[in-house]
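The file input25.cif contains mmCIF, C-alpha atoms (C1' of nucleotides):
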```cif
data_target
#
loop_
_atom_site.label_atom_id
_atom_site.label_comp_id
_atom_site.auth_asym_id
_atom_site.auth_seq_id
_atom_site.Cartn_x
_atom_site.Cartn_y
_atom_site.Cartn_z
CA MET A 3 -47.06 233.40 -31.81
CA PRO A 4 -44.60 231.50 -29.72
CA ARG A 5 -45.20 229.12 -26.95
CA ARG A 6 -44.50 231.23 -23.90
CA ILE A 7 -41.57 230.33 -21.76
CA ASP A 8 -40.05 231.93 -18.70
CA ALA A 9 -36.41 231.21 -19.46
CA GLU A 10 -35.30 232.65 -16.16
CA ALA A 11 -37.53 230.41 -14.07
CA ARG A 12 -36.49 227.44 -16.16
CA SER A 13 -32.83 228.10 -15.59
CA ALA A 14 -33.39 228.61 -11.89
CA ALA A 15 -35.34 225.37 -11.59
CA ILE A 16 -32.60 223.49 -13.39
CA ALA A 17 -29.91 225.03 -11.23
CA GLU A 18 -31.83 224.16 -8.09
CA ALA A 19 -32.10 220.59 -9.27
CA SER A 20 -28.35 220.72 -9.83
CA LEU A 21 -27.75 221.77 -6.24
CA ARG A 22 -29.82 218.87 -5.00
CA VAL A 23 -27.89 216.47 -7.19
CA LEU A 24 -24.60 217.96 -6.02
CA GLU A 25 -25.51 217.37 -2.39
CA ARG A 26 -26.83 213.87 -2.96
CA GLU A 27 -24.33 212.48 -5.47
CA GLY A 28 -21.50 214.94 -5.70
CA LEU A 29 -19.70 216.27 -8.74
CA SER A 30 -19.86 213.01 -10.67
CA GLY A 31 -23.64 213.17 -10.51
CA LEU A 32 -23.83 216.58 -12.16
CA SER A 33 -24.44 215.15 -15.63
CA VAL A 34 -26.84 216.21 -18.32
CA ARG A 35 -29.06 213.18 -17.90
CA GLY A 36 -28.83 213.17 -14.12
CA VAL A 37 -29.80 216.80 -13.64
CA ALA A 38 -32.53 216.58 -16.27
CA ALA A 39 -34.06 213.63 -14.45
CA GLU A 40 -33.89 215.47 -11.11
CA ALA A 41 -35.52 218.53 -12.69
CA GLY A 42 -38.15 216.37 -14.33
CA ILE A 43 -37.42 217.53 -17.86
CA ALA A 44 -35.93 216.04 -20.98
CA ALA A 45 -32.20 216.14 -21.47
CA ALA A 46 -32.65 218.07 -24.69
CA SER A 47 -34.54 220.77 -22.81
CA LEU A 48 -31.72 221.19 -20.35
CA ARG A 49 -29.39 221.42 -23.28
CA ARG A 50 -31.47 224.26 -24.70
CA ALA A 51 -31.33 226.22 -21.44
CA PHE A 52 -27.61 225.61 -20.93
CA ALA A 53 -25.66 225.01 -24.12
CA THR A 54 -22.74 223.49 -22.24
CA GLN A 55 -21.99 221.89 -18.91
CA HIS A 56 -19.74 224.77 -18.03
CA ALA A 57 -22.62 227.20 -18.43
CA LEU A 58 -24.68 225.12 -16.05
CA ARG A 59 -21.96 224.94 -13.42
CA GLU A 60 -21.34 228.67 -13.64
CA PHE A 61 -25.03 229.40 -13.24
CA CYS A 62 -25.17 227.19 -10.17
CA LEU A 63 -22.56 229.32 -8.44
CA GLN A 64 -24.49 232.41 -9.47
CA LEU A 65 -27.69 230.98 -8.05
CA ILE A 66 -26.03 230.25 -4.73
CA GLU A 67 -24.80 233.82 -4.56
CA ASP A 68 -28.25 235.12 -5.39
CA ARG A 69 -29.92 232.98 -2.76
CA VAL A 70 -27.55 234.03 -0.01
CA THR A 71 -27.85 237.65 -1.06
CA ALA A 72 -31.62 237.44 -0.98
CA ARG A 73 -31.64 235.93 2.49
CA VAL A 74 -29.23 238.53 3.78
CA ALA A 75 -31.26 241.36 2.32
CA ALA A 76 -34.43 240.00 3.89
CA LEU A 77 -33.08 240.21 7.43
CA GLU A 78 -35.10 242.61 9.54
CA LEU A 79 -32.72 243.03 12.43
CA THR A 80 -30.43 245.68 13.81
CA GLY A 81 -27.28 245.91 15.87
CA ARG A 82 -25.65 242.80 17.19
CA ALA A 83 -28.62 240.64 16.21
CA LEU A 84 -28.12 241.68 12.61
CA VAL A 85 -24.43 240.80 12.81
CA ASP A 86 -25.26 237.32 14.04
CA GLY A 87 -27.99 236.95 11.45
CA LEU A 88 -25.65 237.90 8.62
CA LEU A 89 -22.97 235.40 9.54
CA LEU A 90 -25.43 232.61 10.25
CA GLN A 91 -26.54 232.77 6.64
CA LEU A 92 -23.16 231.27 5.74
CA LEU A 93 -23.28 228.28 8.07
CA PRO A 94 -25.02 224.96 7.35
CA LEU A 95 -27.66 225.34 10.05
CA ASP A 96 -30.60 223.96 8.11
CA LYS A 97 -31.25 221.90 5.01
CA GLU A 98 -31.34 224.86 2.68
CA ARG A 99 -28.05 226.34 3.84
CA ARG A 100 -26.38 222.93 3.93
CA LEU A 101 -27.51 222.34 0.36
CA GLU A 102 -25.95 225.59 -0.76
CA LEU A 103 -22.72 225.04 1.13
CA VAL A 104 -22.16 221.52 -0.13
CA ALA A 105 -22.79 222.62 -3.70
CA GLN A 106 -20.57 225.64 -3.24
CA VAL A 107 -17.71 223.55 -1.90
CA GLN A 108 -18.05 220.97 -4.64
CA LEU A 109 -17.98 223.57 -7.38
CA GLY A 110 -15.30 225.54 -5.58
CA VAL A 111 -13.06 222.52 -5.47
CA LEU A 112 -13.77 221.91 -9.13
CA SER A 113 -12.71 225.48 -9.85
CA LEU A 114 -9.26 224.63 -8.47
CA THR A 115 -8.56 222.58 -11.58
CA ASP A 116 -11.10 224.08 -13.99
CA SER A 117 -9.86 227.57 -14.71
CA ALA A 118 -13.00 228.47 -16.62
CA LEU A 119 -14.97 228.16 -13.40
CA ARG A 120 -12.59 230.20 -11.26
CA PRO A 121 -14.06 233.66 -11.97
CA ALA A 122 -17.50 232.59 -10.77
CA ALA A 123 -16.02 230.93 -7.70
CA ILE A 124 -13.96 234.00 -6.89
CA ARG A 125 -17.00 236.23 -7.27
CA LEU A 126 -18.86 234.15 -4.71
CA SER A 127 -15.91 234.21 -2.35
CA GLU A 128 -15.67 237.97 -2.57
CA GLY A 129 -19.31 238.18 -1.59
CA VAL A 130 -18.53 236.32 1.61
CA ASP A 131 -15.68 238.72 2.26
CA ARG A 132 -18.04 241.65 1.92
CA VAL A 133 -20.42 240.11 4.44
CA CYS A 134 -17.57 239.80 6.93
CA HIS A 135 -16.55 243.40 6.50
CA VAL A 136 -20.10 244.65 6.82
CA ALA A 137 -20.60 242.53 9.93
CA LEU A 138 -17.60 244.07 11.63
CA GLN A 139 -18.68 247.54 10.62
CA LEU A 140 -22.11 246.92 12.13
CA LEU A 141 -20.48 245.59 15.25
CA ALA A 142 -18.48 248.78 15.52
CA GLU A 143 -21.58 250.92 15.05
CA ALA A 144 -23.23 248.96 17.85
CA GLY A 145 -20.32 249.80 20.08
CA GLN A 146 -19.32 246.18 20.41
CA PHE A 147 -16.03 246.44 18.57
CA ASN A 148 -13.06 247.75 20.50
CA PRO A 149 -11.60 250.63 18.44
CA GLY A 150 -8.15 249.49 19.45
CA ARG A 151 -8.49 246.44 17.24
CA ASP A 152 -7.21 246.25 13.68
CA PRO A 153 -10.26 246.08 11.38
CA ASP A 154 -8.42 244.44 8.47
CA TYR A 155 -6.89 241.78 10.64
CA GLU A 156 -10.18 241.07 12.35
CA ALA A 157 -11.96 240.84 9.01
CA GLN A 158 -9.48 238.28 7.75
CA ARG A 159 -9.64 236.36 10.96
CA LEU A 160 -13.42 236.37 10.98
CA ARG A 161 -13.53 235.19 7.39
CA ALA A 162 -11.17 232.32 8.10
CA LEU A 163 -13.05 231.40 11.25
CA LEU A 164 -16.35 231.42 9.39
CA ASP A 165 -15.03 229.20 6.60
CA GLY A 166 -13.45 226.81 9.05
CA ILE A 167 -16.59 226.50 11.12
CA ALA A 168 -18.68 225.96 8.01
CA MET A 169 -16.35 223.21 6.81
CA HIS A 170 -16.43 221.53 10.17
CA GLY A 171 -20.20 221.69 10.09
CA LEU A 172 -20.28 220.00 6.72
CA TRP A 173 -18.00 217.20 7.81
CA SER A 174 -19.65 216.39 11.09
CA GLY A 175 -22.80 214.51 10.14
CA GLU A 176 -25.78 215.32 8.04
CA LEU A 177 -27.23 218.20 9.99
CA PRO A 178 -25.05 219.05 12.98
CA GLU A 179 -26.92 220.54 15.90
CA ALA A 180 -26.40 224.24 15.83
CA GLY A 181 -24.91 224.45 19.29
CA PRO A 182 -21.20 223.70 18.99
CA MET A 183 -20.83 225.57 15.73
CA LEU A 184 -22.56 228.67 16.97
CA ARG A 185 -20.81 228.75 20.30
CA VAL A 186 -17.37 229.31 18.79
CA LEU A 187 -18.51 231.98 16.37
CA LEU A 188 -20.64 233.93 18.83
CA ARG A 189 -18.01 233.76 21.54
CA HIS A 190 -15.45 235.07 19.11
CA LEU A 191 -17.74 237.98 18.28
CA ASP A 192 -18.23 238.67 21.97
CA GLU A 193 -14.50 238.93 22.48
CA LEU A 194 -14.19 241.60 19.81
CA ALA A 195 -15.80 244.09 22.20
CA GLY A 196 -12.98 243.67 24.69
CA PRO A 197 -9.35 244.70 24.47
CA MET B 7 11.51 181.79 -5.72
CA PRO B 8 9.49 184.87 -6.37
CA ARG B 9 10.46 188.03 -8.05
CA ARG B 10 11.18 190.45 -5.24
CA ILE B 11 8.60 193.10 -4.66
CA ASP B 12 8.43 196.08 -2.36
CA ALA B 13 4.70 196.38 -2.34
CA GLU B 14 4.81 199.28 0.07
CA ALA B 15 7.05 201.41 -2.10
CA ARG B 16 4.94 200.61 -5.13
CA SER B 17 1.77 201.66 -3.41
CA ALA B 18 3.38 204.83 -2.14
CA ALA B 19 4.69 205.73 -5.60
CA ILE B 20 1.25 205.18 -7.09
CA ALA B 21 -0.42 207.24 -4.39
CA GLU B 22 2.06 210.06 -4.88
CA ALA B 23 1.30 210.03 -8.59
CA SER B 24 -2.37 210.20 -7.61
CA LEU B 25 -1.78 213.32 -5.55
CA ARG B 26 -0.06 214.99 -8.48
CA VAL B 27 -2.95 214.08 -10.75
CA LEU B 28 -5.44 215.35 -8.20
CA GLU B 29 -3.74 218.72 -8.04
CA ARG B 30 -3.34 219.05 -11.80
CA GLU B 31 -6.64 217.64 -13.07
CA GLY B 32 -8.89 217.20 -10.08
CA LEU B 33 -11.13 214.32 -9.16
CA SER B 34 -12.13 213.52 -12.71
CA GLY B 35 -8.48 212.86 -13.55
CA LEU B 36 -8.09 210.24 -10.87
CA SER B 37 -8.70 207.33 -13.24
CA VAL B 38 -6.92 204.02 -13.58
CA ARG B 39 -5.30 204.91 -16.86
CA GLY B 40 -4.53 208.48 -15.85
CA VAL B 41 -2.77 207.61 -12.61
CA ALA B 42 -0.92 204.70 -14.21
CA ALA B 43 0.43 207.01 -16.90
CA GLU B 44 1.51 209.57 -14.28
CA ALA B 45 3.22 206.83 -12.27
CA GLY B 46 4.85 205.46 -15.41
CA ILE B 47 3.46 201.97 -15.01
CA ALA B 48 0.95 199.79 -16.80
CA ALA B 49 -2.68 200.05 -15.87
CA ALA B 50 -2.73 196.35 -15.01
CA SER B 51 0.08 196.89 -12.50
CA LEU B 52 -1.87 199.62 -10.77
CA ARG B 53 -4.80 197.27 -10.69
CA ARG B 54 -2.68 194.66 -8.95
CA ALA B 55 -1.56 197.12 -6.26
CA PHE B 56 -5.06 198.52 -5.72
CA ALA B 57 -7.85 196.12 -6.60
CA THR B 58 -10.40 198.91 -6.76
CA GLN B 59 -10.55 202.66 -7.20
CA HIS B 60 -11.89 203.03 -3.69
CA ALA B 61 -8.80 201.32 -2.28
CA LEU B 62 -6.61 203.79 -4.15
CA ARG B 63 -8.52 206.81 -2.92
CA GLU B 64 -8.45 205.53 0.64
CA PHE B 65 -4.72 204.95 0.46
CA CYS B 66 -4.18 208.47 -0.84
CA LEU B 67 -5.77 209.91 2.28
CA GLN B 68 -3.63 207.60 4.37
CA LEU B 69 -0.50 208.74 2.56
CA ILE B 70 -1.32 212.38 3.18
CA GLU B 71 -1.74 211.64 6.85
CA ASP B 72 1.57 209.77 6.92
CA ARG B 73 3.42 212.55 5.18
CA VAL B 74 2.13 215.24 7.50
CA THR B 75 2.83 213.06 10.51
CA ALA B 76 6.38 212.45 9.33
CA ARG B 77 7.03 216.13 8.81
CA VAL B 78 5.62 216.99 12.20
CA ALA B 79 7.71 214.32 13.90
CA ALA B 80 10.85 215.59 12.19
CA LEU B 81 10.56 219.06 13.67
CA GLU B 82 13.50 219.84 15.90
CA LEU B 83 12.13 222.84 17.68
CA THR B 84 10.85 223.73 21.11
CA GLY B 85 8.48 226.17 22.72
CA ARG B 86 6.70 228.72 20.62
CA ALA B 87 8.80 227.93 17.56
CA LEU B 88 7.57 224.34 17.70
CA VAL B 89 3.98 225.55 17.95
CA ASP B 90 4.41 227.64 14.84
CA GLY B 91 6.20 224.81 13.07
CA LEU B 92 3.43 222.36 13.81
CA LEU B 93 0.65 224.53 12.48
CA LEU B 94 2.61 225.61 9.41
CA GLN B 95 2.71 221.98 8.31
CA LEU B 96 -1.00 222.30 7.61
CA LEU B 97 -0.85 225.40 5.42
CA PRO B 98 -0.06 225.46 1.67
CA LEU B 99 3.23 227.31 2.04
CA ASP B 100 5.20 225.37 -0.54
CA LYS B 101 4.58 223.04 -3.45
CA GLU B 102 4.61 219.92 -1.33
CA ARG B 103 2.13 221.15 1.22
CA ARG B 104 -0.11 222.64 -1.46
CA LEU B 105 -0.14 219.30 -3.24
CA GLU B 106 -1.25 217.54 -0.10
CA LEU B 107 -3.88 220.10 0.74
CA VAL B 108 -5.45 220.16 -2.70
CA ALA B 109 -5.59 216.39 -2.77
CA GLN B 110 -6.97 216.29 0.74
CA VAL B 111 -9.72 218.75 -0.08
CA GLN B 112 -10.63 216.96 -3.29
CA LEU B 113 -10.92 213.62 -1.56
CA GLY B 114 -12.57 215.19 1.46
CA VAL B 115 -15.27 216.69 -0.71
CA LEU B 116 -15.69 213.35 -2.42
CA SER B 117 -16.19 211.76 0.99
CA LEU B 118 -19.22 214.00 1.48
CA THR B 119 -21.14 211.89 -1.03
CA ASP B 120 -19.09 208.68 -0.97
CA SER B 121 -19.79 207.15 2.41
CA ALA B 122 -17.14 204.47 1.90
CA LEU B 123 -14.49 207.17 1.94
CA ARG B 124 -15.75 208.96 5.03
CA PRO B 125 -13.87 206.92 7.66
CA ALA B 126 -10.53 207.69 6.06
CA ALA B 127 -11.41 211.37 5.72
CA ILE B 128 -12.55 211.54 9.32
CA ARG B 129 -9.34 209.89 10.47
CA LEU B 130 -7.31 212.56 8.72
CA SER B 131 -9.45 215.31 10.17
CA GLU B 132 -8.99 213.95 13.67
CA GLY B 133 -5.26 214.06 13.13
CA VAL B 134 -5.48 217.77 12.46
CA ASP B 135 -7.52 218.17 15.62
CA ARG B 136 -4.81 216.45 17.61
CA VAL B 137 -2.20 218.81 16.21
CA CYS B 138 -4.26 221.78 17.33
CA HIS B 139 -4.64 220.43 20.82
CA VAL B 140 -0.96 219.63 21.10
CA ALA B 141 -0.06 223.07 19.83
CA LEU B 142 -2.14 224.75 22.51
CA GLN B 143 -0.69 222.51 25.17
CA LEU B 144 2.82 223.41 24.07
CA LEU B 145 1.85 227.05 24.09
CA ALA B 146 0.67 226.69 27.66
CA GLU B 147 3.91 224.97 28.68
CA ALA B 148 5.81 227.84 27.14
CA GLY B 149 3.85 230.22 29.30
CA GLN B 150 2.27 231.87 26.29
CA PHE B 151 -1.29 230.74 26.94
CA ASN B 152 -3.30 232.68 29.45
CA PRO B 153 -4.66 230.15 31.98
CA GLY B 154 -7.86 232.15 32.11
CA ARG B 155 -8.74 231.01 28.60
CA ASP B 156 -10.96 228.01 27.87
CA PRO B 157 -8.73 225.34 26.28
CA ASP B 158 -11.57 223.53 24.50
CA TYR B 159 -12.96 226.69 23.01
CA GLU B 160 -9.52 227.85 21.93
CA ALA B 161 -8.79 224.48 20.34
CA GLN B 162 -11.97 224.61 18.31
CA ARG B 163 -11.33 228.17 17.33
CA LEU B 164 -7.77 227.42 16.33
CA ARG B 165 -8.86 224.46 14.27
CA ALA B 166 -11.48 226.52 12.43
CA LEU B 167 -9.03 229.34 11.89
CA LEU B 168 -6.42 226.97 10.54
CA ASP B 169 -8.85 225.35 8.11
CA GLY B 170 -10.15 228.69 6.97
CA ILE B 171 -6.70 230.10 6.37
CA ALA B 172 -5.68 226.98 4.49
CA MET B 173 -8.73 227.20 2.26
CA HIS B 174 -8.10 230.83 1.55
CA GLY B 175 -4.53 229.97 0.65
CA LEU B 176 -5.69 227.36 -1.81
CA TRP B 177 -8.10 229.69 -3.51
CA SER B 178 -5.82 232.68 -3.86
CA GLY B 179 -3.54 231.79 -6.71
CA GLU B 180 -1.08 228.99 -7.29
CA LEU B 181 1.39 229.64 -4.50
CA PRO B 182 0.31 232.57 -2.36
CA GLU B 183 3.12 234.42 -0.68
CA ALA B 184 3.35 233.25 2.87
CA GLY B 185 2.93 236.70 4.37
CA PRO B 186 -0.79 237.39 4.60
CA MET B 187 -1.64 233.83 5.57
CA LEU B 188 0.93 233.67 8.30
CA ARG B 189 0.18 237.06 9.73
CA VAL B 190 -3.35 236.16 10.77
CA LEU B 191 -2.39 232.84 12.29
CA LEU B 192 0.67 234.07 14.18
CA ARG B 193 -1.11 237.17 15.44
CA HIS B 194 -3.92 235.00 16.71
CA LEU B 195 -1.42 232.83 18.56
CA ASP B 196 0.19 235.94 20.05
CA GLU B 197 -3.14 237.07 21.43
CA LEU B 198 -3.62 233.81 23.29
CA ALA B 199 -0.97 234.90 25.76
CA GLY B 200 -3.03 237.92 26.81
CA PRO B 201 -6.37 238.07 28.62
"C1'" DA C 10 18.99 176.47 -14.86
"C1'" DT C 11 14.56 176.15 -13.40
"C1'" DT C 12 10.77 177.81 -11.04
"C1'" DT C 13 7.93 181.45 -9.37
"C1'" DT C 14 6.15 185.78 -9.66
"C1'" DG C 15 5.23 190.71 -11.03
"C1'" DT C 16 5.23 193.51 -14.98
"C1'" DG C 17 3.88 195.25 -19.34
"C1'" DA C 18 0.97 195.66 -23.29
"C1'" DG C 19 -3.02 194.63 -25.17
"C1'" DT C 20 -7.91 193.40 -25.55
"C1'" DA C 21 -12.54 193.17 -24.11
"C1'" DC C 22 -17.06 194.45 -22.12
"C1'" DA C 23 -20.73 197.00 -20.46
"C1'" DC C 24 -21.57 201.50 -19.05
"C1'" DT C 25 -21.57 206.58 -18.76
"C1'" DT C 26 -20.21 210.90 -20.48
"C1'" DG C 27 -21.01 215.53 -23.48
"C1'" DT C 28 -22.73 216.94 -27.51
"C1'" DA C 29 -25.61 216.82 -31.59
"C1'" DC C 30 -29.18 215.55 -34.17
"C1'" DT C 31 -34.19 214.09 -35.69
"C1'" DA C 32 -39.26 213.76 -35.60
"C1'" DA C 33 -43.53 214.11 -33.19
"C1'" DT C 34 -46.28 216.48 -29.83
"C1'" DA C 35 -48.15 220.13 -27.09
"C1'" DA C 36 -49.26 224.74 -26.28
"C1'" DA C 37 -49.83 229.46 -26.75
"C1'" DA C 38 -50.17 233.65 -29.67
"C1'" DA C 39 -51.91 235.56 -34.08
"C1'" DT D 23 -57.72 227.96 -37.01
"C1'" DT D 24 -53.38 228.69 -38.31
"C1'" DT D 25 -48.74 229.68 -37.15
"C1'" DT D 26 -44.87 229.55 -34.26
"C1'" DT D 27 -42.23 227.80 -30.81
"C1'" DA D 28 -40.60 224.70 -26.90
"C1'" DT D 29 -40.70 220.19 -25.13
"C1'" DT D 30 -40.29 215.56 -25.50
"C1'" DA D 31 -38.43 211.09 -26.81
"C1'" DG D 32 -35.32 208.92 -29.26
"C1'" DT D 33 -31.05 208.04 -31.69
"C1'" DA D 34 -26.22 208.63 -32.70
"C1'" DC D 35 -21.34 209.19 -32.00
"C1'" DA D 36 -16.77 209.40 -30.20
"C1'" DA D 37 -14.61 209.27 -25.99
"C1'" DG D 38 -13.74 207.82 -21.37
"C1'" DT D 39 -14.82 204.88 -17.32
"C1'" DG D 40 -13.94 200.55 -14.00
"C1'" DT D 41 -13.07 196.04 -14.13
"C1'" DA D 42 -11.37 191.73 -15.97
"C1'" DC D 43 -8.93 189.07 -18.73
"C1'" DT D 44 -4.80 187.00 -21.71
"C1'" DC D 45 0.04 186.29 -22.99
"C1'" DA D 46 4.85 187.14 -23.52
"C1'" DC D 47 8.72 188.79 -20.96
"C1'" DA D 48 11.84 189.88 -17.26
"C1'" DA D 49 13.78 189.14 -12.94
"C1'" DA D 50 14.87 187.14 -8.69
"C1'" DA D 51 15.20 183.08 -5.51
"C1'" DT D 52 15.89 178.22 -5.36
#
```
Would you mind giving the structure from this file in structure tokens?
Amino acid sequence: MPRRIDAEARSAAIAEASLRVLEREGLSGLSVRGVAAEAGIAAASLRRAFATQHALREFCLQLIEDRVTARVAALELTGRALVDGLLLQLLPLDKERRLELVAQVQLGVLSLTDSALRPAAIRLSEGVDRVCHVALQLLAEAGQFNPGRDPDYEAQRLRALLDGIAMHGLWSGELPEAGPMLRVLLRHLDELAGP
Amino acid sequence: MPRRIDAEARSAAIAEASLRVLEREGLSGLSVRGVAAEAGIAAASLRRAFATQHALREFCLQLIEDRVTARVAALELTGRALVDGLLLQLLPLDKERRLELVAQVQLGVLSLTDSALRPAAIRLSEGVDRVCHVALQLLAEAGQFNPGRDPDYEAQRLRALLDGIAMHGLWSGELPEAGPMLRVLLRHLDELAGP
DNA sequence: ATTTTGTGAGTACACTTGTACTAATAAAAA
DNA sequence: TTTTTATTAGTACAAGTGTACTCACAAAAT
């Protein structure tokens, strides 16, 4: 009897519009009317999909996690190439990844003072941690990780390096050329094979 | 004839109140009335000191830079201890430094979508870069930097590492114990002496 | 003591915000 | 075709926003 509706696709479309708004206008632009306009729907419809602003923000973080996860899972590489591919999914190398990163940082910063948003932000952060650990494990399996090194320390260091490089990429211009960002990360990975 | 006025102290007091508000309530709390209440002054007085919200935000970034610069200049250390001291000024190891970092990140993220704020944010970021370069130079003078290493690469890597560690410190709880954060940074510095 | 100035408190305006409604329309399932 | 549902447009409200005033008061320099 009902008018059919794919609630999941609706929510995803709204969240994607939210990410675009977050990149273009920042947190202050993430309003009911603003996102609805970007998504091309009525404000009341957005309100039906997300009963509260908090629900929308939480779903945005979830969507980012899903998108990164999907890209990572789609990689058809092995060995060192896979390691590089994994980590590159977390750097703002193209429009899509920059979009995600800007939105992630905006919502992450919001979660510093909005405790309701912290669990979702922490979940996303833990996902990044897992990627770092997996990357180092793959590196070891490829024989490019000196067994004398401390895996925990290297994982923490890699995570910090990755975050720092990503931040620097966000700050330096709209779409920084990949070169300088990549060079530091890849060179660091190269060094892990040595003593 | 006039009523005496220390405009500089007024502005600084207002900006410090702004930093407190930024840490407690985030960007959305940085309003005329909110900051005035935190500073214990009338909204009209704040308006006289800063004619516009943008001027206030810009001055906040400037104040953060000044505070870090002052702390760095006050260090009475030499050699490796000075290197550590310099870099520790940029990590959220106590309430004061956490306050600065949270405010800096909030305003930095705002500068991603508020082009008027970008120059001030970039200026602050360049200051951090200078600290990293100086730190490596000092390390070299102390004979704890292998001359075979590439100074530019190491400076970029150190900067990224520092930012990443700082971010991680912000995310993990109110005041993370210094241990885990320091360990990664100091161990990284130790390695720079080797090949 | 008078003049000059910043402060404080208050008011005002136009605007945006989140949230909550209504009523009319469109569309798909029965 | 009828029934059921979602979407739309519109309105409403209380609250908060930046900015701009006024006016009485307090304080310092002349």
Quick one: residues within 7 Å of range 163-171 of chain A, only C-alpha atoms (C1' of nucleotides) counted, chain neighbours fewer than 5 positions away excluded, as a short mmCIF file (atom, residue, chain, number, x, y, z; two decimals) with C-alpha atoms, in the frame of the given file?
```cif
data_model
loop_
_atom_site.label_atom_id
_atom_site.label_comp_id
_atom_site.auth_asym_id
_atom_site.auth_seq_id
_atom_site.Cartn_x
_atom_site.Cartn_y
_atom_site.Cartn_z
CA LEU A 93 -23.28 228.28 8.07
CA PRO A 94 -25.02 224.96 7.35
CA PRO A 178 -25.05 219.05 12.98
CA MET A 183 -20.83 225.57 15.73
CA ALA B 166 -11.48 226.52 12.43
CA LEU B 167 -9.03 229.34 11.89
CA ASP B 169 -8.85 225.35 8.11
CA GLY B 170 -10.15 228.69 6.97
#
```
Write out as a PyMOL selection string the residues lying within 9 Å of range 36-51 of chain D, counting all atoms listed in the file and excluding same-chain residues fewer than 6 positions away. (chain B and resi 7-10+37-38+58-59) or (chain C and resi 12-17+19-22+24-26)
CA of His190 in chain A to CA of Phe147 in chain A, distance in Å rounded to a single decimal: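 Computed distance, CA of His190 in chain A to CA of Phe147 in chain A, equals 11.4 Å.
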How far is it from CA of Arg26 in chain B to CA of Leu105 in chain B, in Å with one decimal?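 Computing it gives 6.8 Å between the two atoms.
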Selected residue, from A:Leu140, A:Ala46, A:Leu63, A:Ala122, that lies nearest to chain C when counting only C-alpha atoms (C1' of nucleotides):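 Looking at the shortest contact to chain C, the residue is A:Ala46.
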Using the chain letters and residue numbers of this document, give as an NGL selection string the residues selected by the PyMOL selection byres ((chain B and resi 197) around 12). (:A and (151 or 193 or 197)) or (:B and (145 or 150-152 or 155 or 160 or 164 or 190-196 or 198-201))
Output C-alpha atoms of each residue in that selection to a file, as a CSV table (one decimal), keeping the file's coordinate frame.
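Ended up saving to out-v4.csv:
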```csv
chain,number,residue,atom,x,y,z
A,151,ARG,CA,-8.5,246.4,17.2
A,193,GLU,CA,-14.5,238.9,22.5
A,197,PRO,CA,-9.4,244.7,24.5
B,145,LEU,CA,1.8,227.0,24.1
B,150,GLN,CA,2.3,231.9,26.3
B,151,PHE,CA,-1.3,230.7,26.9
B,152,ASN,CA,-3.3,232.7,29.4
B,155,ARG,CA,-8.7,231.0,28.6
B,160,GLU,CA,-9.5,227.8,21.9
B,164,LEU,CA,-7.8,227.4,16.3
B,190,VAL,CA,-3.4,236.2,10.8
B,191,LEU,CA,-2.4,232.8,12.3
B,192,LEU,CA,0.7,234.1,14.2
B,193,ARG,CA,-1.1,237.2,15.4
B,194,HIS,CA,-3.9,235.0,16.7
B,195,LEU,CA,-1.4,232.8,18.6
B,196,ASP,CA,0.2,235.9,20.0
B,198,LEU,CA,-3.6,233.8,23.3
B,199,ALA,CA,-1.0,234.9,25.8
B,200,GLY,CA,-3.0,237.9,26.8
B,201,PRO,CA,-6.4,238.1,28.6
```
Starting from the PyMOL selection byres ((chain A and resi 70-82) around 8), expand the selection into actual residues of this file and give them as number ranges by chain. A: 66-69, 83-88, 91-92, 140-141, 143-144, 146
Suppose a student applies the PyMOL selection byres ((chain C) within 7 of (chain A)) to this structure; what residues should they get, written as a ChimeraX atom specification? /C:36-39
Around (1.0, 206.6, -6.6) in the file's own coordinates, what residues are found within 12 Å if you use all atoms listed in the file, given back as an MDAnalysis selection string? chainID B and resid 13:28 36:38 40:47 49 51:53 55:56 61:70
Chain A contacts on chain D, only C-alpha atoms (C1' of nucleotides), 7 Å, as a ChimeraX atom specification: /D:25-30
Atoms kept (C-alpha atoms (C1' of nucleotides)) for selection, written as a PDB file, in the frame of the given file:
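Result went into part-v4.pdb, see below:
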```pdb
ATOM      1  C1'  DT D  25     -48.740 229.680 -37.150  1.00  0.00           C
ATOM      2  C1'  DT D  26     -44.870 229.550 -34.260  1.00  0.00           C
ATOM      3  C1'  DT D  27     -42.230 227.800 -30.810  1.00  0.00           C
ATOM      4  C1'  DA D  28     -40.600 224.700 -26.900  1.00  0.00           C
ATOM      5  C1'  DT D  29     -40.700 220.190 -25.130  1.00  0.00           C
ATOM      6  C1'  DT D  30     -40.290 215.560 -25.500  1.00  0.00           C
TER       7       DT D  30
END
```
Calculate how many Å separate CA of Leu99 in chain B from CA of Ser117 in chain B, rounding to one decimal.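 Computing the Euclidean distance for CA of Leu99 in chain B and CA of Ser117 in chain B yields 24.9 Å.
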